[in-house]
Amino acid sequence: MSSNHAGGTSTLVVTDSSEQHTLLRLSSANGPVYRRIKIAPLRDARSDEIPLIDISGIYSSSFDERKAVATQIHEAATNIGFFYVKNHGISASVMKSAYDSSLEFFRQPDEIKQEVNAELSPCLNGWKPPQTQRINQAESIDVRETFSFRYNPTYDPAVSGNLGAIPAEIRESLVTNEFCWEKTANLPNLKEDIINYWRATLGLARHLTRSFSLALSLPETYLDPKITYPDAGIGLNYYPSIPPSTSGLEEQVSIGSHTDFQLFTILWQDSNGGLQVLNREGEWINAAPIEGTFVINIGDYLQRITNDRYISTVHRARNLSGKERISMPMFFGFNLNETCGVLDSCVDEEHPRNYEPISCKEWVELRVKAMHTTD
């Protein structure tokens, strides 16, 4: 076996096989972990690898129809941790408006976007410029810029009445300032279009949480009390096209290899593609865009509380399309004040508890600590 090292990965030549691999370093709450990556031509995922699920049944009055969707979600969450959803109840016009407004924002000169730089925000809402993010220390600086904001109960349709009535232990983790909207007032449609998209995906996330409860043999509303003021943030990603690779230089990524923090992510992506998923065989496969769908992927916290039954799958993006690309993920988790251990339905004699309870806030802080830096 021989190896060479560049940019945090090692190419391994396996002597008992014709296959070659790289060793990928990933950050985790407990320090670095490593995955073997097969060197193979990139290909599109097969339908049995990343399934397409019709989730119209989650809105049905029939329990059997809701349970049938949950069963399909359970299979996908167990086998790959990624799946597409169609008939999700969100209008194409909502996604198109958010996409158009995102492009309008990112196409502005940097000196205008600088007004809403997240470093100027008390809660890091806002714009992160190019060359400022490196989500995986073993890979290149991310070739992207982002606009992000965290959950704000002011805009949550499920929250009514006086915000001051929110319990103090919840309120201390909430963001209610208007920095990212005040500093983008020059774009009259941005706030409305992005908030509408956030509200729509927030509603979908709450329905999907009930589907996961059913999938895990829990009462359908079992997890509802944990998502009253959820950790539900939007990250608008702008990916310029990566130029063709030059021999001897570090491979560039639009966003580095990682897993997501919380319960699950709802992702809209444009038609240009670039999302890559690491399958169980250690191959990168394309999660190619399917019009009218979202991509759902399992996060670390959901893997943890399901005792590793569900899979938080490694993924990255490389925009090689020659065109600019937009993706709009909604990252969804429990209220940050909530603490959750392994669910009882995921424990038996053959599968004892792998993890102790941990608060969502502590979990996110652990995961964020080693990320989003170019040092």
# chains A, B, ... in the order shown; residues from 1 in each chain; ligands from 1
>>> residues_around(residues="segment 73-76 of chain A", least_positions_apart="5", cutoff="8 Å", atoms="only C-alpha atoms", output="number ranges by chain")
A: 50-51, 53, 81-83, 211-212, 215-216
>>> write_last_selection(atoms="C-alpha atoms", output="PDB file, in the first residue's frame")
ATOM      1  CA  ILE A  50     -32.054   8.050  -3.390  1.00  0.00           C
ATOM      2  CA  PRO A  51     -35.769   7.286  -3.675  1.00  0.00           C
ATOM      3  CA  ILE A  53     -41.422   9.643  -2.311  1.00  0.00           C
ATOM      4  CA  GLY A  81     -30.573   9.084   4.818  1.00  0.00           C
ATOM      5  CA  PHE A  82     -31.466  10.979   1.633  1.00  0.00           C
ATOM      6  CA  PHE A  83     -34.694  11.088  -0.376  1.00  0.00           C
ATOM      7  CA  SER A 211     -44.175  11.407   9.806  1.00  0.00           C
ATOM      8  CA  PHE A 212     -40.917  10.606  11.562  1.00  0.00           C
ATOM      9  CA  ALA A 215     -42.028   5.943  11.320  1.00  0.00           C
ATOM     10  CA  LEU A 216     -40.402   5.400  14.715  1.00  0.00           C
TER      11      LEU A 216
END
>>> residues_around(residues="Asn272 of chain A", least_positions_apart="2", cutoff="12 Å", atoms="only C-alpha atoms", output="PyMOL selection string")
chain A and resi 238-241+268-270+274-275+286-291+317-327
>>> closest_atom_pairs(of="segment 326-371 of chain A", to="segment 23-36 of chain A", cutoff="10 Å", atoms="only C-alpha atoms", output="CSV")
residue,atom,partner,partner_atom,distance
A:Glu362,CA,A:Ala29,CA,10.0
A:Trp363,CA,A:Ala29,CA,7.5
A:Val364,CA,A:Ala29,CA,8.7
A:Glu365,CA,A:Ala29,CA,8.9
A:Leu366,CA,A:Ala29,CA,5.3
A:Arg367,CA,A:Ala29,CA,5.2
A:Val368,CA,A:Ala29,CA,8.6
A:Lys369,CA,A:Ala29,CA,8.6
A:Ala370,CA,A:Ser27,CA,6.9
A:Met371,CA,A:Ser27,CA,7.8
>>> residues_around(residues="segment 91-93 of chain A", least_positions_apart="2", cutoff="10 Å", atoms="only C-alpha atoms", output="PyMOL selection string")
chain A and resi 87-89+95-99+193+197+200+291-293
>>> residues_around(residues="Ile298 of chain A", least_positions_apart="3", cutoff="8 Å", atoms="only C-alpha atoms", output="list of chain:residue names")
A:Ala77, A:Gly81, A:Phe82, A:Asp260, A:Leu263, A:Phe264, A:Thr265, A:Leu302, A:Gln303, A:Tyr310, A:Ile311, A:Ser312, A:Thr313
>>> write_last_selection(atoms="N, CA, C and O atoms", output="PDB file, in the first residue's frame")
ATOM      1  N   ALA A  77     -34.741   6.649   5.327  1.00  0.00           N
ATOM      2  CA  ALA A  77     -33.907   7.168   6.417  1.00  0.00           C
ATOM      3  C   ALA A  77     -32.979   6.092   6.962  1.00  0.00           C
ATOM      4  O   ALA A  77     -31.869   6.386   7.415  1.00  0.00           O
ATOM      5  N   GLY A  81     -30.515   7.798   4.132  1.00  0.00           N
ATOM      6  CA  GLY A  81     -30.573   9.084   4.818  1.00  0.00           C
ATOM      7  C   GLY A  81     -30.848  10.243   3.891  1.00  0.00           C
ATOM      8  O   GLY A  81     -30.830  11.407   4.325  1.00  0.00           O
ATOM      9  N   PHE A  82     -31.120   9.965   2.629  1.00  0.00           N
ATOM     10  CA  PHE A  82     -31.466  10.979   1.633  1.00  0.00           C
ATOM     11  C   PHE A  82     -32.682  10.505   0.842  1.00  0.00           C
ATOM     12  O   PHE A  82     -32.775   9.322   0.495  1.00  0.00           O
ATOM     13  N   ASP A 260     -25.172  17.264   8.320  1.00  0.00           N
ATOM     14  CA  ASP A 260     -25.918  18.370   8.912  1.00  0.00           C
ATOM     15  C   ASP A 260     -26.154  18.118  10.393  1.00  0.00           C
ATOM     16  O   ASP A 260     -26.123  16.983  10.859  1.00  0.00           O
ATOM     17  N   LEU A 263     -32.146  17.767  13.067  1.00  0.00           N
ATOM     18  CA  LEU A 263     -33.008  16.636  12.735  1.00  0.00           C
ATOM     19  C   LEU A 263     -32.926  16.280  11.253  1.00  0.00           C
ATOM     20  O   LEU A 263     -32.572  15.178  10.878  1.00  0.00           O
ATOM     21  N   PHE A 264     -33.283  17.238  10.408  1.00  0.00           N
ATOM     22  CA  PHE A 264     -33.255  16.991   8.965  1.00  0.00           C
ATOM     23  C   PHE A 264     -33.202  18.319   8.231  1.00  0.00           C
ATOM     24  O   PHE A 264     -33.434  19.385   8.809  1.00  0.00           O
ATOM     25  N   THR A 265     -32.881  18.242   6.947  1.00  0.00           N
ATOM     26  CA  THR A 265     -32.771  19.405   6.087  1.00  0.00           C
ATOM     27  C   THR A 265     -33.731  19.252   4.918  1.00  0.00           C
ATOM     28  O   THR A 265     -33.868  18.150   4.360  1.00  0.00           O
ATOM     29  N   LEU A 302     -30.857  13.602  14.684  1.00  0.00           N
ATOM     30  CA  LEU A 302     -31.855  12.560  14.470  1.00  0.00           C
ATOM     31  C   LEU A 302     -31.190  11.188  14.439  1.00  0.00           C
ATOM     32  O   LEU A 302     -31.750  10.208  14.952  1.00  0.00           O
ATOM     33  N   GLN A 303     -30.008  11.092  13.872  1.00  0.00           N
ATOM     34  CA  GLN A 303     -29.279   9.820  13.936  1.00  0.00           C
ATOM     35  C   GLN A 303     -29.005   9.455  15.390  1.00  0.00           C
ATOM     36  O   GLN A 303     -29.153   8.288  15.789  1.00  0.00           O
ATOM     37  N   TYR A 310     -31.319   5.716  11.972  1.00  0.00           N
ATOM     38  CA  TYR A 310     -31.347   6.585  10.804  1.00  0.00           C
ATOM     39  C   TYR A 310     -29.935   7.085  10.514  1.00  0.00           C
ATOM     40  O   TYR A 310     -29.116   7.233  11.426  1.00  0.00           O
ATOM     41  N   ILE A 311     -29.672   7.386   9.259  1.00  0.00           N
ATOM     42  CA  ILE A 311     -28.317   7.686   8.810  1.00  0.00           C
ATOM     43  C   ILE A 311     -28.183   9.159   8.434  1.00  0.00           C
ATOM     44  O   ILE A 311     -28.903   9.651   7.561  1.00  0.00           O
ATOM     45  N   SER A 312     -27.253   9.835   9.082  1.00  0.00           N
ATOM     46  CA  SER A 312     -26.870  11.195   8.697  1.00  0.00           C
ATOM     47  C   SER A 312     -25.736  11.064   7.691  1.00  0.00           C
ATOM     48  O   SER A 312     -24.594  10.774   8.054  1.00  0.00           O
ATOM     49  N   THR A 313     -26.056  11.244   6.434  1.00  0.00           N
ATOM     50  CA  THR A 313     -25.153  10.888   5.344  1.00  0.00           C
ATOM     51  C   THR A 313     -24.261  12.064   4.931  1.00  0.00           C
ATOM     52  O   THR A 313     -24.722  13.198   4.821  1.00  0.00           O
TER      53      THR A 313
END
>>> decode(residues="segment 134-276 of chain A", atoms="C-alpha atoms", output="PDB file, in the first residue's frame")
ATOM      1  CA  ARG A 134     -14.419  26.292   4.918  1.00  0.00           C
ATOM      2  CA  ILE A 135     -16.878  23.741   6.165  1.00  0.00           C
ATOM      3  CA  ASN A 136     -14.331  20.920   5.927  1.00  0.00           C
ATOM      4  CA  GLN A 137     -10.783  21.669   7.030  1.00  0.00           C
ATOM      5  CA  ALA A 138      -9.453  18.828   4.832  1.00  0.00           C
ATOM      6  CA  GLU A 139     -10.824  20.351   1.635  1.00  0.00           C
ATOM      7  CA  SER A 140     -10.615  23.673  -0.173  1.00  0.00           C
ATOM      8  CA  ILE A 141     -12.201  26.896   0.970  1.00  0.00           C
ATOM      9  CA  ASP A 142     -15.854  26.759  -0.114  1.00  0.00           C
ATOM     10  CA  VAL A 143     -16.471  28.373  -3.490  1.00  0.00           C
ATOM     11  CA  ARG A 144     -19.684  30.072  -2.421  1.00  0.00           C
ATOM     12  CA  GLU A 145     -21.294  32.955  -0.641  1.00  0.00           C
ATOM     13  CA  THR A 146     -24.385  32.711   1.549  1.00  0.00           C
ATOM     14  CA  PHE A 147     -27.257  34.678   3.027  1.00  0.00           C
ATOM     15  CA  SER A 148     -28.740  33.109   6.138  1.00  0.00           C
ATOM     16  CA  PHE A 149     -31.125  33.784   8.980  1.00  0.00           C
ATOM     17  CA  ARG A 150     -32.306  31.903  12.026  1.00  0.00           C
ATOM     18  CA  TYR A 151     -35.778  31.139  13.341  1.00  0.00           C
ATOM     19  CA  ASN A 152     -37.728  34.245  14.299  1.00  0.00           C
ATOM     20  CA  PRO A 153     -41.067  33.656  16.068  1.00  0.00           C
ATOM     21  CA  THR A 154     -42.371  36.972  14.702  1.00  0.00           C
ATOM     22  CA  TYR A 155     -42.827  35.299  11.321  1.00  0.00           C
ATOM     23  CA  ASP A 156     -43.977  31.860  12.494  1.00  0.00           C
ATOM     24  CA  PRO A 157     -47.686  31.365  11.634  1.00  0.00           C
ATOM     25  CA  ALA A 158     -47.976  28.887  14.515  1.00  0.00           C
ATOM     26  CA  VAL A 159     -47.000  31.537  17.078  1.00  0.00           C
ATOM     27  CA  SER A 160     -49.717  33.917  18.121  1.00  0.00           C
ATOM     28  CA  GLY A 161     -50.106  36.557  20.787  1.00  0.00           C
ATOM     29  CA  ASN A 162     -47.478  38.403  22.779  1.00  0.00           C
ATOM     30  CA  LEU A 163     -43.910  37.234  22.151  1.00  0.00           C
ATOM     31  CA  GLY A 164     -43.156  38.266  25.723  1.00  0.00           C
ATOM     32  CA  ALA A 165     -45.313  35.342  26.848  1.00  0.00           C
ATOM     33  CA  ILE A 166     -42.781  32.871  25.411  1.00  0.00           C
ATOM     34  CA  PRO A 167     -41.135  31.038  28.341  1.00  0.00           C
ATOM     35  CA  ALA A 168     -37.812  32.576  29.342  1.00  0.00           C
ATOM     36  CA  GLU A 169     -35.838  29.354  28.824  1.00  0.00           C
ATOM     37  CA  ILE A 170     -36.990  29.369  25.195  1.00  0.00           C
ATOM     38  CA  ARG A 171     -36.868  33.115  24.600  1.00  0.00           C
ATOM     39  CA  GLU A 172     -33.162  33.419  25.464  1.00  0.00           C
ATOM     40  CA  SER A 173     -32.263  31.342  22.390  1.00  0.00           C
ATOM     41  CA  LEU A 174     -34.543  33.180  19.950  1.00  0.00           C
ATOM     42  CA  VAL A 175     -33.647  35.861  17.423  1.00  0.00           C
ATOM     43  CA  THR A 176     -36.077  38.719  16.866  1.00  0.00           C
ATOM     44  CA  ASN A 177     -33.876  41.470  15.438  1.00  0.00           C
ATOM     45  CA  GLU A 178     -34.430  42.726  11.889  1.00  0.00           C
ATOM     46  CA  PHE A 179     -30.803  43.277  10.863  1.00  0.00           C
ATOM     47  CA  CYS A 180     -30.870  41.162   7.711  1.00  0.00           C
ATOM     48  CA  TRP A 181     -34.083  42.796   6.472  1.00  0.00           C
ATOM     49  CA  GLU A 182     -33.252  46.368   7.428  1.00  0.00           C
ATOM     50  CA  LYS A 183     -29.942  46.118   5.579  1.00  0.00           C
ATOM     51  CA  THR A 184     -31.549  44.702   2.431  1.00  0.00           C
ATOM     52  CA  ALA A 185     -34.386  47.205   2.161  1.00  0.00           C
ATOM     53  CA  ASN A 186     -32.992  48.252  -1.226  1.00  0.00           C
ATOM     54  CA  LEU A 187     -34.476  44.991  -2.574  1.00  0.00           C
ATOM     55  CA  PRO A 188     -38.218  45.436  -1.973  1.00  0.00           C
ATOM     56  CA  ASN A 189     -39.173  41.799  -2.698  1.00  0.00           C
ATOM     57  CA  LEU A 190     -36.398  39.973  -0.862  1.00  0.00           C
ATOM     58  CA  LYS A 191     -37.885  39.857   2.631  1.00  0.00           C
ATOM     59  CA  GLU A 192     -41.380  38.863   1.494  1.00  0.00           C
ATOM     60  CA  ASP A 193     -40.162  36.200  -0.923  1.00  0.00           C
ATOM     61  CA  ILE A 194     -37.689  34.587   1.466  1.00  0.00           C
ATOM     62  CA  ILE A 195     -40.015  34.728   4.485  1.00  0.00           C
ATOM     63  CA  ASN A 196     -42.777  33.119   2.401  1.00  0.00           C
ATOM     64  CA  TYR A 197     -40.384  30.340   1.425  1.00  0.00           C
ATOM     65  CA  TRP A 198     -39.274  29.921   5.054  1.00  0.00           C
ATOM     66  CA  ARG A 199     -42.876  29.740   6.283  1.00  0.00           C
ATOM     67  CA  ALA A 200     -43.764  27.152   3.651  1.00  0.00           C
ATOM     68  CA  THR A 201     -40.813  24.904   4.450  1.00  0.00           C
ATOM     69  CA  LEU A 202     -41.406  25.386   8.184  1.00  0.00           C
ATOM     70  CA  GLY A 203     -44.940  24.056   7.765  1.00  0.00           C
ATOM     71  CA  LEU A 204     -43.655  21.120   5.739  1.00  0.00           C
ATOM     72  CA  ALA A 205     -41.012  20.405   8.393  1.00  0.00           C
ATOM     73  CA  ARG A 206     -43.631  20.194  11.118  1.00  0.00           C
ATOM     74  CA  HIS A 207     -45.672  17.742   9.057  1.00  0.00           C
ATOM     75  CA  LEU A 208     -42.571  15.666   8.355  1.00  0.00           C
ATOM     76  CA  THR A 209     -41.758  15.580  12.065  1.00  0.00           C
ATOM     77  CA  ARG A 210     -45.079  13.812  12.603  1.00  0.00           C
ATOM     78  CA  SER A 211     -44.175  11.407   9.806  1.00  0.00           C
ATOM     79  CA  PHE A 212     -40.917  10.606  11.562  1.00  0.00           C
ATOM     80  CA  SER A 213     -42.820  10.008  14.809  1.00  0.00           C
ATOM     81  CA  LEU A 214     -45.039   7.475  13.048  1.00  0.00           C
ATOM     82  CA  ALA A 215     -42.028   5.943  11.320  1.00  0.00           C
ATOM     83  CA  LEU A 216     -40.402   5.400  14.715  1.00  0.00           C
ATOM     84  CA  SER A 217     -43.502   3.719  16.194  1.00  0.00           C
ATOM     85  CA  LEU A 218     -44.305   6.739  18.349  1.00  0.00           C
ATOM     86  CA  PRO A 219     -47.619   8.561  18.730  1.00  0.00           C
ATOM     87  CA  GLU A 220     -47.993  10.909  15.758  1.00  0.00           C
ATOM     88  CA  THR A 221     -47.799  14.093  17.854  1.00  0.00           C
ATOM     89  CA  TYR A 222     -45.119  12.785  20.236  1.00  0.00           C
ATOM     90  CA  LEU A 223     -42.449  15.249  19.089  1.00  0.00           C
ATOM     91  CA  ASP A 224     -44.756  18.262  18.648  1.00  0.00           C
ATOM     92  CA  PRO A 225     -43.875  19.876  22.019  1.00  0.00           C
ATOM     93  CA  LYS A 226     -40.213  19.941  20.993  1.00  0.00           C
ATOM     94  CA  ILE A 227     -40.809  22.002  17.822  1.00  0.00           C
ATOM     95  CA  THR A 228     -42.923  24.890  19.108  1.00  0.00           C
ATOM     96  CA  TYR A 229     -40.044  27.351  18.550  1.00  0.00           C
ATOM     97  CA  PRO A 230     -37.681  25.203  16.487  1.00  0.00           C
ATOM     98  CA  ASP A 231     -34.114  25.718  15.409  1.00  0.00           C
ATOM     99  CA  ALA A 232     -35.237  26.362  11.839  1.00  0.00           C
ATOM    100  CA  GLY A 233     -32.914  28.459   9.739  1.00  0.00           C
ATOM    101  CA  ILE A 234     -32.567  29.209   6.049  1.00  0.00           C
ATOM    102  CA  GLY A 235     -29.250  29.326   4.217  1.00  0.00           C
ATOM    103  CA  LEU A 236     -29.335  30.715   0.689  1.00  0.00           C
ATOM    104  CA  ASN A 237     -26.252  29.441  -1.149  1.00  0.00           C
ATOM    105  CA  TYR A 238     -24.789  31.056  -4.243  1.00  0.00           C
ATOM    106  CA  TYR A 239     -22.285  28.845  -6.041  1.00  0.00           C
ATOM    107  CA  PRO A 240     -20.305  30.268  -8.958  1.00  0.00           C
ATOM    108  CA  SER A 241     -19.133  27.571 -11.322  1.00  0.00           C
ATOM    109  CA  ILE A 242     -15.850  25.922 -10.348  1.00  0.00           C
ATOM    110  CA  PRO A 243     -13.291  26.212 -13.155  1.00  0.00           C
ATOM    111  CA  PRO A 244     -11.878  22.986 -14.617  1.00  0.00           C
ATOM    112  CA  SER A 245      -9.335  21.316 -12.334  1.00  0.00           C
ATOM    113  CA  THR A 246      -5.671  22.004 -12.937  1.00  0.00           C
ATOM    114  CA  SER A 247      -3.252  19.130 -12.391  1.00  0.00           C
ATOM    115  CA  GLY A 248      -1.412  19.358  -9.087  1.00  0.00           C
ATOM    116  CA  LEU A 249      -3.797  21.864  -7.518  1.00  0.00           C
ATOM    117  CA  GLU A 250      -6.190  21.179  -4.666  1.00  0.00           C
ATOM    118  CA  GLU A 251      -9.622  19.986  -5.792  1.00  0.00           C
ATOM    119  CA  GLN A 252     -12.112  22.785  -5.235  1.00  0.00           C
ATOM    120  CA  VAL A 253     -15.502  22.285  -3.599  1.00  0.00           C
ATOM    121  CA  SER A 254     -18.545  24.518  -3.622  1.00  0.00           C
ATOM    122  CA  ILE A 255     -19.238  23.360  -0.088  1.00  0.00           C
ATOM    123  CA  GLY A 256     -17.030  20.795   1.624  1.00  0.00           C
ATOM    124  CA  SER A 257     -17.949  17.296   2.748  1.00  0.00           C
ATOM    125  CA  HIS A 258     -20.076  17.327   5.894  1.00  0.00           C
ATOM    126  CA  THR A 259     -23.153  16.081   7.677  1.00  0.00           C
ATOM    127  CA  ASP A 260     -25.918  18.370   8.912  1.00  0.00           C
ATOM    128  CA  PHE A 261     -26.392  19.142  12.600  1.00  0.00           C
ATOM    129  CA  GLN A 262     -29.993  18.799  13.599  1.00  0.00           C
ATOM    130  CA  LEU A 263     -33.008  16.636  12.735  1.00  0.00           C
ATOM    131  CA  PHE A 264     -33.255  16.991   8.965  1.00  0.00           C
ATOM    132  CA  THR A 265     -32.771  19.405   6.087  1.00  0.00           C
ATOM    133  CA  ILE A 266     -35.259  20.400   3.384  1.00  0.00           C
ATOM    134  CA  LEU A 267     -33.355  21.462   0.266  1.00  0.00           C
ATOM    135  CA  TRP A 268     -34.523  23.148  -2.902  1.00  0.00           C
ATOM    136  CA  GLN A 269     -31.908  23.180  -5.654  1.00  0.00           C
ATOM    137  CA  ASP A 270     -31.998  24.754  -9.083  1.00  0.00           C
ATOM    138  CA  SER A 271     -31.615  22.792 -12.319  1.00  0.00           C
ATOM    139  CA  ASN A 272     -27.826  23.142 -12.602  1.00  0.00           C
ATOM    140  CA  GLY A 273     -26.919  20.335 -10.212  1.00  0.00           C
ATOM    141  CA  GLY A 274     -23.849  19.800  -8.057  1.00  0.00           C
ATOM    142  CA  LEU A 275     -25.126  18.053  -4.917  1.00  0.00           C
ATOM    143  CA  GLN A 276     -23.128  14.882  -4.247  1.00  0.00           C
TER     144      GLN A 276
END
